[in-house]
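Below is final_2.csv, holding CSV, C-alpha atoms and all ligand atoms.
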chain,number,residue,atom,x,y,z
O,22,MET,CA,0.0,0.0,0.0
O,23,SER,CA,3.0,2.3,-0.4
O,24,HIS,CA,1.2,4.2,-3.2
O,25,MET,CA,-1.3,5.5,-0.7
O,26,LYS,CA,-1.0,8.8,1.0
O,27,ASN,CA,-1.7,8.5,4.7
O,28,GLU,CA,-4.2,11.3,5.4
O,29,GLY,CA,-5.3,10.4,8.9
O,30,ARG,CA,-8.4,8.7,10.1
O,31,ARG,CA,-10.8,7.0,7.6
O,32,ALA,CA,-13.4,4.3,7.5
O,33,ARG,CA,-12.4,1.1,5.9
O,34,ILE,CA,-14.6,-1.9,5.0
O,35,ILE,CA,-13.1,-4.8,7.0
O,36,GLY,CA,-15.7,-7.4,6.2
O,37,THR,CA,-18.7,-8.0,4.0
O,38,GLY,CA,-21.5,-10.5,3.9
O,39,SER,CA,-24.5,-11.3,1.7
O,40,TYR,CA,-27.6,-13.4,1.7
O,41,VAL,CA,-30.1,-14.2,-1.0
O,42,PRO,CA,-33.1,-16.4,-0.5
O,43,GLU,CA,-33.0,-19.9,-1.9
O,44,ARG,CA,-36.2,-19.8,-4.0
O,45,ILE,CA,-35.4,-19.0,-7.7
O,46,MET,CA,-37.8,-17.5,-10.2
O,47,THR,CA,-36.7,-17.9,-13.8
O,48,ASN,CA,-37.6,-16.1,-16.9
O,49,GLN,CA,-39.6,-19.1,-18.0
O,50,ASP,CA,-41.7,-18.8,-14.8
O,51,PHE,CA,-42.6,-15.3,-16.0
O,52,GLU,CA,-43.6,-16.6,-19.5
O,53,LYS,CA,-46.5,-18.3,-17.7
O,54,ILE,CA,-47.6,-15.2,-15.9
O,55,VAL,CA,-47.3,-12.3,-18.4
O,56,ASP,CA,-46.8,-11.8,-22.2
O,57,THR,CA,-43.0,-12.0,-22.2
O,58,SER,CA,-40.2,-14.3,-23.2
O,59,ASP,CA,-36.9,-15.5,-21.9
O,60,GLU,CA,-35.3,-14.0,-25.0
O,61,TRP,CA,-36.7,-10.5,-24.5
O,62,ILE,CA,-35.8,-10.4,-20.8
O,63,ARG,CA,-32.2,-11.6,-21.5
O,64,ALA,CA,-31.6,-9.3,-24.4
O,65,ARG,CA,-33.2,-6.1,-22.9
O,66,THR,CA,-32.1,-6.5,-19.3
O,67,GLY,CA,-29.5,-9.3,-18.9
O,68,ILE,CA,-31.6,-11.0,-16.3
O,69,VAL,CA,-31.9,-14.9,-16.3
O,70,GLU,CA,-33.3,-15.5,-12.9
O,71,ARG,CA,-33.9,-13.8,-9.5
O,72,ARG,CA,-34.5,-14.8,-5.9
O,73,ARG,CA,-37.7,-14.8,-4.0
O,74,ALA,CA,-38.0,-14.5,-0.3
O,75,ALA,CA,-39.9,-17.3,1.5
O,76,ASP,CA,-43.3,-16.2,2.7
O,77,TRP,CA,-42.1,-16.1,6.3
O,78,GLN,CA,-39.2,-13.8,5.5
O,79,ALA,CA,-39.1,-10.1,5.9
O,80,SER,CA,-36.3,-7.7,5.0
O,81,SER,CA,-34.8,-7.9,8.5
O,82,ASP,CA,-34.4,-11.7,8.2
O,83,LEU,CA,-32.3,-11.3,5.1
O,84,ALA,CA,-30.3,-8.4,6.6
O,85,ILE,CA,-29.6,-10.3,9.8
O,86,GLU,CA,-28.1,-13.2,7.9
O,87,ALA,CA,-26.0,-10.9,5.7
O,88,ALA,CA,-24.8,-9.0,8.8
O,89,ARG,CA,-23.8,-12.1,10.6
O,90,ARG,CA,-21.7,-13.3,7.7
O,91,ALA,CA,-20.0,-9.8,7.5
O,92,MET,CA,-19.4,-9.8,11.3
O,93,SER,CA,-17.9,-13.3,11.1
O,94,LYS,CA,-15.5,-12.3,8.3
O,95,ALA,CA,-14.6,-9.1,10.0
O,96,ASN,CA,-14.2,-10.9,13.3
O,97,VAL,CA,-16.5,-8.3,15.0
O,98,ALA,CA,-18.6,-9.1,18.1
O,99,PRO,CA,-22.1,-7.7,18.4
O,100,GLU,CA,-21.3,-5.4,21.3
O,101,GLU,CA,-18.5,-3.7,19.3
O,102,ILE,CA,-21.0,-2.2,16.9
O,103,ASP,CA,-21.7,1.5,17.6
O,104,LEU,CA,-24.2,2.2,14.8
O,105,ILE,CA,-26.4,0.1,12.5
O,106,ILE,CA,-27.7,1.7,9.3
O,107,CYS,CA,-30.3,-0.3,7.4
O,108,GLY,CA,-30.8,0.8,3.8
O,109,THR,CA,-34.2,-0.3,2.6
O,110,ILE,CA,-37.4,0.7,0.8
O,111,THR,CA,-39.2,-2.5,1.8
O,112,PRO,CA,-39.1,-2.2,5.6
O,113,ASP,CA,-40.6,-5.0,7.7
O,114,ARG,CA,-43.2,-2.6,9.0
O,115,MET,CA,-44.0,1.1,9.1
O,116,LEU,CA,-42.9,1.2,12.7
O,117,PRO,CA,-40.4,0.3,14.2
O,118,SER,CA,-37.5,0.7,11.8
O,119,THR,CA,-36.1,-2.5,10.3
O,120,ALA,CA,-32.8,-1.5,11.9
O,121,SER,CA,-34.4,-2.0,15.3
O,122,TYR,CA,-35.1,-5.7,14.5
O,123,ILE,CA,-31.6,-6.1,13.2
O,124,GLN,CA,-30.1,-4.5,16.4
O,125,ARG,CA,-32.3,-6.8,18.6
O,126,GLU,CA,-31.5,-10.0,16.8
O,127,LEU,CA,-27.8,-9.3,16.6
O,128,LYS,CA,-27.8,-8.4,20.3
O,129,ALA,CA,-25.8,-5.3,19.3
O,130,VAL,CA,-26.5,-3.8,22.7
O,131,ASN,CA,-24.3,-0.7,22.3
O,132,ALA,CA,-25.5,0.3,18.8
O,133,TRP,CA,-28.1,2.9,17.9
O,134,ALA,CA,-29.9,2.0,14.7
O,135,PHE,CA,-32.0,3.6,12.0
O,136,ASP,CA,-33.3,3.1,8.5
O,137,LEU,CA,-32.2,5.0,5.4
O,138,ALA,CA,-34.4,5.3,2.3
O,139,ALA,CA,-32.6,6.1,-0.9
O,140,ALA,CA,-33.6,3.1,-3.1
O,141,CYS,CA,-30.8,1.7,-5.1
O,142,SER,CA,-28.4,4.4,-3.9
O,143,GLY,CA,-29.0,3.4,-0.3
O,144,PHE,CA,-25.8,1.4,0.3
O,145,ILE,CA,-23.6,4.2,-0.9
O,146,TYR,CA,-25.6,6.8,1.1
O,147,GLY,CA,-25.2,4.6,4.1
O,148,LEU,CA,-21.5,4.1,3.7
O,149,ALA,CA,-21.2,7.9,3.5
O,150,VAL,CA,-23.2,8.5,6.7
O,151,GLY,CA,-21.3,5.8,8.6
O,152,SER,CA,-17.9,6.9,7.5
O,153,GLN,CA,-18.6,10.5,8.8
O,154,PHE,CA,-18.9,9.2,12.4
O,155,ILE,CA,-15.7,7.2,12.0
O,156,GLU,CA,-13.7,10.0,10.5
O,157,THR,CA,-14.7,12.4,13.3
O,158,GLY,CA,-13.5,9.8,15.8
O,159,ARG,CA,-17.0,9.5,17.4
O,160,TYR,CA,-17.3,5.8,16.6
O,161,ARG,CA,-15.1,2.9,15.7
O,162,THR,CA,-17.4,0.3,14.2
O,163,VAL,CA,-20.4,0.8,11.9
O,164,LEU,CA,-22.7,-1.9,10.3
O,165,MET,CA,-24.2,-0.9,7.0
O,166,VAL,CA,-26.7,-3.3,5.6
O,167,SER,CA,-28.9,-3.0,2.5
O,168,THR,CA,-31.9,-5.3,2.4
O,169,GLU,CA,-34.8,-5.6,0.0
O,170,ILE,CA,-37.8,-7.8,-0.7
O,171,LEU,CA,-38.9,-6.0,-3.8
O,172,SER,CA,-41.1,-9.0,-4.8
O,173,ARG,CA,-43.7,-7.7,-2.3
O,174,LEU,CA,-44.1,-4.5,-4.3
O,175,ILE,CA,-44.4,-6.2,-7.7
O,176,ASP,CA,-47.4,-5.8,-10.0
O,177,TYR,CA,-47.5,-9.2,-11.7
O,178,THR,CA,-49.6,-7.9,-14.5
O,179,ASP,CA,-47.0,-5.2,-15.5
O,180,ARG,CA,-44.5,-6.9,-17.7
O,181,GLY,CA,-42.4,-3.7,-17.9
O,182,THR,CA,-41.5,-4.0,-14.2
O,183,CYS,CA,-42.4,-7.4,-12.8
O,184,VAL,CA,-39.4,-9.2,-14.4
O,185,LEU,CA,-36.8,-6.8,-13.1
O,186,PHE,CA,-36.6,-7.1,-9.4
O,187,GLY,CA,-35.2,-9.6,-6.9
O,188,ASP,CA,-34.8,-10.1,-3.2
O,189,GLY,CA,-31.5,-10.1,-1.2
O,190,ALA,CA,-29.3,-8.4,1.3
O,191,GLY,CA,-25.7,-7.3,1.6
O,192,ALA,CA,-23.7,-5.9,4.5
O,193,ALA,CA,-20.4,-4.2,5.2
O,194,ILE,CA,-18.6,-3.5,8.5
O,195,LEU,CA,-16.8,-0.2,8.7
O,196,ARG,CA,-13.9,0.3,11.1
O,197,THR,CA,-11.5,3.1,11.8
O,198,CYS,CA,-8.2,2.8,9.9
O,199,GLU,CA,-5.2,5.1,9.7
O,200,ASP,CA,-2.9,3.3,7.2
O,201,GLY,CA,-4.0,5.2,4.2
O,202,SER,CA,-6.6,2.7,3.0
O,203,GLY,CA,-10.3,3.0,3.3
O,204,LEU,CA,-13.1,5.2,1.9
O,205,LEU,CA,-11.5,8.1,0.1
O,206,SER,CA,-14.4,10.1,-1.3
O,207,PHE,CA,-18.1,10.2,-2.0
O,208,ASP,CA,-20.2,11.9,-4.6
O,209,LEU,CA,-23.9,12.0,-3.6
O,210,GLY,CA,-26.9,13.5,-5.3
O,211,ALA,CA,-30.6,13.7,-5.6
O,212,ASP,CA,-33.2,15.3,-8.0
O,213,GLY,CA,-36.7,15.2,-6.6
O,214,ASN,CA,-38.0,16.5,-10.0
O,215,GLY,CA,-37.7,12.9,-11.1
O,216,ALA,CA,-39.7,11.6,-8.1
O,217,ASP,CA,-42.6,10.4,-10.2
O,218,LEU,CA,-40.4,8.4,-12.7
O,219,LEU,CA,-40.2,5.5,-10.2
O,220,ASP,CA,-42.5,5.2,-7.2
O,221,VAL,CA,-44.7,3.2,-5.0
O,222,SER,CA,-47.6,5.6,-4.4
O,223,GLY,CA,-49.0,4.1,-1.2
O,224,GLY,CA,-47.7,5.6,2.0
O,225,VAL,CA,-48.8,7.1,5.3
O,226,SER,CA,-49.2,10.9,5.2
O,227,ARG,CA,-50.3,11.0,1.5
O,228,LEU,CA,-53.0,8.4,1.5
O,229,THR,CA,-55.6,9.6,-0.8
O,230,GLY,CA,-58.5,7.5,0.5
O,231,ASP,CA,-58.0,5.2,-2.5
O,232,THR,CA,-56.5,2.2,-0.9
O,233,GLU,CA,-56.4,0.0,-4.0
O,234,SER,CA,-53.6,-2.4,-4.1
O,235,ALA,CA,-52.2,-0.6,-7.0
O,236,GLN,CA,-50.8,1.9,-4.5
O,237,HIS,CA,-48.5,-0.8,-3.3
O,238,HIS,CA,-46.8,-1.6,-6.6
O,239,ILE,CA,-43.7,-0.2,-8.2
O,240,ARG,CA,-44.5,1.9,-11.2
O,241,MET,CA,-41.7,3.1,-13.4
O,242,GLN,CA,-41.1,5.0,-16.6
O,243,GLY,CA,-38.3,2.7,-17.6
O,244,ASN,CA,-37.1,4.6,-20.7
O,245,GLU,CA,-36.6,7.9,-18.8
O,246,VAL,CA,-34.9,6.1,-15.9
O,247,PHE,CA,-32.6,4.4,-18.4
O,248,LYS,CA,-31.5,7.7,-19.9
O,249,PHE,CA,-30.8,9.3,-16.6
O,250,ALA,CA,-29.0,6.2,-15.3
O,251,VAL,CA,-26.2,6.1,-17.9
O,252,ARG,CA,-25.4,9.8,-17.5
O,253,ALA,CA,-25.6,9.7,-13.6
O,254,MET,CA,-23.4,6.6,-13.3
O,255,GLU,CA,-20.6,8.1,-15.4
O,256,ASP,CA,-20.8,11.6,-13.9
O,257,SER,CA,-20.9,10.4,-10.3
O,258,ILE,CA,-18.0,8.0,-10.4
O,259,GLU,CA,-15.9,10.6,-12.2
O,260,LYS,CA,-16.7,13.2,-9.5
O,261,ALA,CA,-15.8,10.8,-6.7
O,262,LEU,CA,-12.5,10.0,-8.4
O,263,ARG,CA,-11.7,13.7,-8.8
O,264,LEU,CA,-12.5,14.4,-5.1
O,265,ALA,CA,-10.0,11.6,-4.3
O,266,GLY,CA,-7.4,13.2,-6.5
O,267,LEU,CA,-7.6,10.2,-8.8
O,268,ASP,CA,-8.4,9.5,-12.4
O,269,LYS,CA,-10.5,6.8,-14.1
O,270,SER,CA,-7.2,5.1,-15.1
O,271,ASP,CA,-6.4,4.6,-11.4
O,272,LEU,CA,-9.5,2.5,-10.9
O,273,ASP,CA,-8.8,-1.2,-10.5
O,274,PHE,CA,-12.4,-2.3,-10.3
O,275,LEU,CA,-15.9,-0.7,-10.5
O,276,ILE,CA,-19.0,-2.1,-8.9
O,277,PRO,CA,-22.0,-0.7,-10.7
O,278,HIS,CA,-25.6,-0.9,-9.6
O,279,GLN,CA,-27.3,-3.8,-11.3
O,280,ALA,CA,-30.5,-2.4,-12.9
O,281,ASN,CA,-29.9,-3.4,-16.5
O,282,LEU,CA,-27.0,-5.1,-18.2
O,283,ARG,CA,-27.2,-2.5,-21.0
O,284,ILE,CA,-26.8,0.4,-18.5
O,285,ILE,CA,-23.7,-1.4,-17.0
O,286,GLN,CA,-22.2,-1.9,-20.4
O,287,ALA,CA,-22.8,1.6,-21.5
O,288,THR,CA,-21.3,3.0,-18.3
O,289,LEU,CA,-18.1,0.8,-18.7
O,290,LYS,CA,-17.8,1.9,-22.3
O,291,ARG,CA,-18.1,5.6,-21.4
O,292,LEU,CA,-15.5,5.2,-18.7
O,293,GLY,CA,-13.1,3.1,-20.9
O,294,LEU,CA,-13.2,0.2,-18.5
O,295,PRO,CA,-13.0,-3.4,-19.8
O,296,PRO,CA,-15.6,-5.9,-18.5
O,297,GLU,CA,-13.1,-7.8,-16.5
O,298,LYS,CA,-12.6,-4.7,-14.3
O,299,SER,CA,-16.2,-4.9,-13.3
O,300,VAL,CA,-18.8,-7.3,-12.1
O,301,VAL,CA,-22.3,-8.5,-13.1
O,302,ASN,CA,-24.8,-10.3,-10.9
O,303,ILE,CA,-28.0,-9.1,-12.4
O,304,ASP,CA,-28.2,-12.3,-14.5
O,305,ARG,CA,-28.6,-14.3,-11.3
O,306,TYR,CA,-30.4,-11.9,-9.0
O,307,GLY,CA,-32.2,-9.2,-11.0
O,308,ASN,CA,-32.3,-5.7,-9.5
O,309,MET,CA,-32.1,-5.9,-5.7
O,310,SER,CA,-32.1,-2.1,-5.2
O,311,GLY,CA,-29.4,-1.0,-2.7
O,312,ALA,CA,-28.5,-4.7,-2.0
O,313,SER,CA,-27.2,-5.2,-5.5
O,314,VAL,CA,-23.9,-3.4,-5.1
O,315,ALA,CA,-23.5,-4.7,-1.5
O,316,VAL,CA,-23.9,-8.3,-2.7
O,317,ALA,CA,-21.6,-7.7,-5.7
O,318,LEU,CA,-18.9,-6.3,-3.4
O,319,ASP,CA,-19.1,-9.3,-1.2
O,320,GLU,CA,-19.0,-11.7,-4.1
O,321,ALA,CA,-16.1,-9.9,-5.7
O,322,LEU,CA,-14.1,-10.2,-2.5
O,323,GLU,CA,-15.0,-13.8,-2.0
O,324,GLN,CA,-14.0,-14.6,-5.6
O,325,LYS,CA,-10.8,-12.6,-5.1
O,326,LEU,CA,-11.6,-10.4,-8.1
O,327,ILE,CA,-10.5,-7.6,-5.8
O,328,GLN,CA,-7.7,-7.6,-3.2
O,329,PRO,CA,-6.5,-5.4,-0.3
O,330,GLY,CA,-4.8,-2.4,-1.8
O,331,ASP,CA,-7.0,-2.2,-4.9
O,332,CYS,CA,-8.6,1.0,-5.9
O,333,VAL,CA,-12.4,0.2,-6.1
O,334,GLY,CA,-15.3,2.3,-7.0
O,335,ILE,CA,-19.0,1.7,-6.3
O,336,VAL,CA,-21.7,3.6,-8.2
O,337,ALA,CA,-25.5,3.5,-8.1
O,338,PHE,CA,-28.6,5.4,-9.1
O,339,GLY,CA,-32.2,4.9,-8.1
O,340,GLY,CA,-35.7,6.1,-7.2
O,341,GLY,CA,-35.8,9.6,-5.8
O,342,LEU,CA,-34.1,10.2,-8.1
O,343,THR,CA,-30.9,9.5,-6.2
O,344,TRP,CA,-27.4,8.7,-7.1
O,345,GLY,CA,-24.0,8.2,-5.5
O,346,ALA,CA,-20.5,6.9,-5.9
O,347,CYS,CA,-17.6,6.2,-3.6
O,348,VAL,CA,-13.9,5.4,-4.2
O,349,MET,CA,-11.8,3.4,-1.7
O,350,TYR,CA,-8.5,1.6,-1.3
O,351,LEU,CA,-9.6,-1.8,-0.1
O,401,LIG,N1,-41.4,-8.7,-22.1
O,401,LIG,C1,-41.7,-8.4,-23.4
O,401,LIG,N2,-41.9,-7.1,-23.8
O,401,LIG,C2,-41.8,-6.1,-22.9
O,401,LIG,C3,-41.4,-6.4,-21.6
O,401,LIG,C4,-41.3,-7.7,-21.2
O,401,LIG,N3,-40.9,-8.1,-19.9
O,401,LIG,N4,-41.4,-5.2,-20.9
O,401,LIG,C5,-41.7,-4.2,-21.8
O,401,LIG,N5,-41.9,-4.8,-23.0
O,401,LIG,C6,-42.3,-4.2,-24.3
O,401,LIG,C7,-43.0,-2.8,-24.1
O,401,LIG,O1,-44.4,-3.0,-23.8
O,401,LIG,C8,-42.7,-2.2,-25.4
O,401,LIG,O2,-43.7,-2.7,-26.3
O,401,LIG,P1,-44.4,-1.7,-27.4
O,401,LIG,O3,-43.2,-1.2,-28.2
O,401,LIG,O4,-45.3,-2.6,-28.1
O,401,LIG,O5,-45.0,-0.6,-26.6
O,401,LIG,C9,-41.4,-2.7,-25.8
O,401,LIG,O6,-41.1,-3.8,-25.0
O,401,LIG,C10,-40.3,-1.7,-25.6
O,401,LIG,O7,-40.4,-1.2,-24.2
O,401,LIG,P2,-39.4,-0.2,-23.6
O,401,LIG,O8,-39.9,0.2,-22.2
O,401,LIG,O9,-39.0,0.9,-24.6
O,401,LIG,O10,-38.2,-1.2,-23.4
O,401,LIG,P3,-36.7,-0.9,-23.0
O,401,LIG,O11,-35.8,-1.4,-23.9
O,401,LIG,O12,-36.6,0.5,-22.5
O,401,LIG,O13,-36.6,-1.8,-21.7
O,401,LIG,C11,-36.6,-1.6,-19.3
O,401,LIG,C12,-37.4,-1.6,-20.6
O,401,LIG,C13,-35.9,-3.0,-19.2
O,401,LIG,C14,-37.5,-1.4,-18.1
O,401,LIG,C15,-35.5,-0.5,-19.4
O,401,LIG,O14,-36.1,0.7,-19.8
O,401,LIG,C16,-34.8,-0.3,-18.2
O,401,LIG,O15,-34.0,-1.1,-17.7
O,401,LIG,N6,-34.9,0.9,-17.6
O,401,LIG,C17,-34.1,1.3,-16.4
O,401,LIG,C18,-34.7,0.7,-15.2
O,401,LIG,C19,-34.0,1.0,-14.0
O,401,LIG,O16,-32.8,1.3,-14.0
O,401,LIG,N7,-34.7,1.1,-12.9
O,401,LIG,C20,-34.0,1.4,-11.7
O,401,LIG,C21,-35.0,1.1,-10.7
O,401,LIG,S1,-34.2,0.7,-9.2
O,401,LIG,C22,-35.0,1.3,-7.9
O,401,LIG,O17,-34.7,2.4,-7.5
O,401,LIG,C23,-35.9,0.4,-7.1
Could I get this structure in the form of C-alpha cells?
Amino acid sequence: MSHMKNEGRRARIIGTGSYVPERIMTNQDFEKIVDTSDEWIRARTGIVERRRAADWQASSDLAIEAARRAMSKANVAPEEIDLIICGTITPDRMLPSTASYIQRELKAVNAWAFDLAAACSGFIYGLAVGSQFIETGRYRTVLMVSTEILSRLIDYTDRGTCVLFGDGAGAAILRTCEDGSGLLSFDLGADGNGADLLDVSGGVSRLTGDTESAQHHIRMQGNEVFKFAVRAMEDSIEKALRLAGLDKSDLDFLIPHQANLRIIQATLKRLGLPPEKSVVNIDRYGNMSGASVAVALDEALEQKLIQPGDCVGIVAFGGGLTWGACVMYL
C-alpha cells in the first residue's frame, strides 16, 4: 500500500457478507404469468433468474443473515458495533424501523440504529453517513446493511416492471483505519424533480383515500430512468474520483448498480473500463435495489476479483431520483 497517502483517520470496509433467499424465479416462470419471453428479458435486461424470499421472511431476516456473515468475516462481536444503518425501501413494518429488529436479533446492545431510504443508492448513502462518524472519531465500528424484498411490491400484471426485481441483502462492517486505506471520497446527489419516474404511491401521510392495491406496486417510466442512469453513473464516479485526486485510469475495479446489463455496459464503455474490471450479478439476482452493489462487493471479494490495496469504485442510481459513488482503497 505504499502508493497510498496517509491522510489520517478514515473508515475502511473490514468485512462484507451477503444473503439471497433460496427460492429461484426464472424467466420461464414469467412466461407463464405475463406476455414476455426469456429471449426478451435476457436481451433487454441481462436477467436470467432472480431470488424470491420465503413467505415467512421479511427484509430484516435477510439483513440479519448478511450482517452475521459480515461480522464473522470481519471478526467483529455484536457489542463492538456502535451504529447500525439499514438501507431499505421495503421495511418490515412502518414502525419500528427494520434496523431495530436487526439490532435486537444481533444483540448489538451498544448500537443505535436507523433506516435510510434512498432506493438503489442506499448502500452508498449509508457508507457515506457511517464513515462520517468514524472520520470524526466519534465511533469505531459501523454496520451498514442494505436489504430488500422488492417482490412484495411487484405488480405481476405489468411486464415492464415485474421481471426486473429480486430479493436479497448485503452488509459491510466499517472500522477506523489510519494506514492510508479506506473510503477516500463520495459523490452523492438527488433530484426530486424525477420523483414520479419511479415510485410506490401508497404511504402514510399521503394516503388519498384510495387504498387500492395498485398503491403498493412499483411503477416506473423505464425509458426515462434508463437515460438518466447512464449519465448519472458516469458523472458520479468521475466526480468521486476527482474528489479523491484520482483519475479513471487509477480505478482497478468498478462495482455498478445492477438495474440493466445495457446500463452497466454503456457505463463501462463511457469510462473506458474493460468488462473484467467490473462485475455483473443481475443475471442471477435481478435488481435488488441497494443490496445489488452490496452483494456484488461481497462476491467480488469472495472470488478474489479484488484484493487489499486495490482502488475500487462503487456507483449507483435509483428512485428519488438519487445517485451516489464512492472510491476506496480496499
Ligand atoms: N417482455 C416483453 N416485452 C416487454 C417487456 C417484457 N418483460 N417489458 C416491456 N416490453 C415491451 C414494451 O411493452 C414495449 O412494447 P411496445 O413497443 O409494443 O409498446 C417494448 O417492449 C419496448 O419497451 P421499452 O420500455 O421501450 O423497453 P426498454 O428497452 O426501454 O426496456 C426496461 C425496458 C428494461 C425497463 C428498461 O427501460 C430499463 O431497464 N430501464 C431502467 C430501469 C432502471 O434502471 N430502474 C431502476 C430502478 S431501481 C430502484 O430504485 C428500485
(request) Kindly compile the residues surrounding ligand LIG 401 (chain O) within 8 Å, counting only C-alpha atoms and all ligand atoms, and format them as an NGL selection string. (result) :O and (55-58 or 61-62 or 65-66 or 139-142 or 171 or 179-186 or 219 or 239 or 241-248 or 250 or 279-281 or 283-284 or 308-311 or 338-342)
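Note that the spacing between CA of Ser257 (chain O) and CA of Ser167 (chain O) amounts to 20.2 Å.
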(message) I'd like the neighbourhood of Asp273 (chain O) as a list in words, where a residue qualifies if any of its atoms comes within 7 Å (using only C-alpha atoms), though same-chain residues fewer than 3 positions away should be ignored.
(response)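 Near neighbours after the sequence-gap exclusion: Lys298, Asp331, Cys332 and Val333 of chain O.
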Keeping C-alpha atoms, export the residues of the selection given above as a compact mmCIF listing (two decimals), keeping the file's coordinate frame.
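Everything below was put into again.txt:
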# COMPACT_ATOMS: atom_id res chain seq x y z
CA LYS O 298 -12.60 -4.70 -14.30
CA ASP O 331 -7.00 -2.20 -4.90
CA CYS O 332 -8.60 1.00 -5.90
CA VAL O 333 -12.40 0.20 -6.10
(request) Pick out the residues sitting within 9 Å of region 261-269 of chain O, and hand them over as a ChimeraX atom specification; count only C-alpha atoms, and ignore anything fewer than 4 positions along from it in its own chain. (result) /O:205-209,256-257,273,292-294,334,345-349
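Look at Val69 (chain O): the protein and nucleic acid residues within 7 Å of it, using only C-alpha atoms and passing over chain neighbours fewer than 4 places away, are Thr47, Asn48, Arg63, Asp304 and Arg305 of chain O.
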Within 8 Å of region 71-75 of chain O, which residues of region 156-208 of chain O come that close, and what is the closest atom pair and distance in Å for each? Count only C-alpha atoms and give it as a Markdown table.
| residue | atom | partner | partner_atom | distance |
| --- | --- | --- | --- | --- |
| O:Ile170 | CA | O:Ala74 | CA | 6.7 |
| O:Ser172 | CA | O:Arg73 | CA | 6.8 |
| O:Phe186 | CA | O:Arg71 | CA | 7.2 |
| O:Gly187 | CA | O:Arg71 | CA | 5.1 |
| O:Asp188 | CA | O:Arg72 | CA | 5.4 |
| O:Gly189 | CA | O:Arg72 | CA | 7.3 |
(request) Counting only C-alpha atoms, figure out which residue out of O:Ser226, O:Thr109, O:Ser121, O:Thr288 gets nearest to Gly147 (chain O). (result)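 Smallest distance to Gly147 (chain O) is found for O:Thr109.
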(request) Go through O:Ala315, O:Ala134, O:Ile123, O:Val221 and flag the residue nearest Val41 (chain O), using all atoms listed in the file for the distances. (result)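 With all atoms listed in the file as the atom set, the closest residue is O:Ala315.
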(request) Pull the neighbourhood of (-42.8, 6.0, -1.7) for me: all residues within 10 Å in file coordinates, counting only C-alpha atoms, as a PyMOL selection string. (result) chain O and resi 110-111+138+140+216-217+219-225+227+236-239+340-341
(message) So, with all atoms listed in the file as the atoms that count, which of O:Ala84, O:Met165, O:Trp344, O:Glu101 lies closest to Gly215 (chain O)?
(response)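 The shortest atom-to-atom distance to Gly215 (chain O) comes from O:Trp344.
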(request) Work out how far apart CA of Ala32 (chain O) and CA of Gly213 (chain O) are and give it in Å to one decimal. (result) 29.3 Å
Can you find the residues with an atom no farther than 9 Å from (-20.7, -8.8, 1.0), counting all atoms listed in the file, and report them as a short mmCIF file (atom, residue, chain, number, x, y, z; two decimals) with C-alpha atoms, keeping the file's coordinate frame?
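Just written: selection-v6.cif:
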data_model
loop_
_atom_site.label_atom_id
_atom_site.label_comp_id
_atom_site.auth_asym_id
_atom_site.auth_seq_id
_atom_site.Cartn_x
_atom_site.Cartn_y
_atom_site.Cartn_z
CA GLY O 36 -15.70 -7.40 6.20
CA THR O 37 -18.70 -8.00 4.00
CA GLY O 38 -21.50 -10.50 3.90
CA SER O 39 -24.50 -11.30 1.70
CA TYR O 40 -27.60 -13.40 1.70
CA ALA O 87 -26.00 -10.90 5.70
CA ALA O 88 -24.80 -9.00 8.80
CA ARG O 90 -21.70 -13.30 7.70
CA ALA O 91 -20.00 -9.80 7.50
CA ALA O 190 -29.30 -8.40 1.30
CA GLY O 191 -25.70 -7.30 1.60
CA ALA O 192 -23.70 -5.90 4.50
CA ALA O 193 -20.40 -4.20 5.20
CA VAL O 314 -23.90 -3.40 -5.10
CA ALA O 315 -23.50 -4.70 -1.50
CA VAL O 316 -23.90 -8.30 -2.70
CA ALA O 317 -21.60 -7.70 -5.70
CA LEU O 318 -18.90 -6.30 -3.40
CA ASP O 319 -19.10 -9.30 -1.20
CA GLU O 320 -19.00 -11.70 -4.10
CA ALA O 321 -16.10 -9.90 -5.70
CA LEU O 322 -14.10 -10.20 -2.50
CA GLU O 323 -15.00 -13.80 -2.00
#
(message) Calculated over all atoms listed in the file, which of the candidates O:Val300, O:Ala337, O:Leu204, O:Val166 has the smallest distance to Gln324 (chain O)?
(response) O:Val300
(request) Please measure the separation of CA of Arg89 (chain O) and CA of Asp76 (chain O), giving the value in Å to one decimal. (result)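 If I compute the distance from CA of Arg89 (chain O) to CA of Asp76 (chain O), I get 21.4 Å.
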(message) Set the distance at 7 Å and use only C-alpha atoms: which residues neighbour Gly203 (chain O) once local chain neighbours fewer than 2 positions away are removed? I'd like the list as a PyMOL selection string.
(response) chain O and resi 31-34+198+201+205+349-351
(request) Have a look at O:Val301, O:Ile54, O:Ile68, O:Val130 and name the one nearest to Leu104 (chain O); count only C-alpha atoms. (result) O:Val130
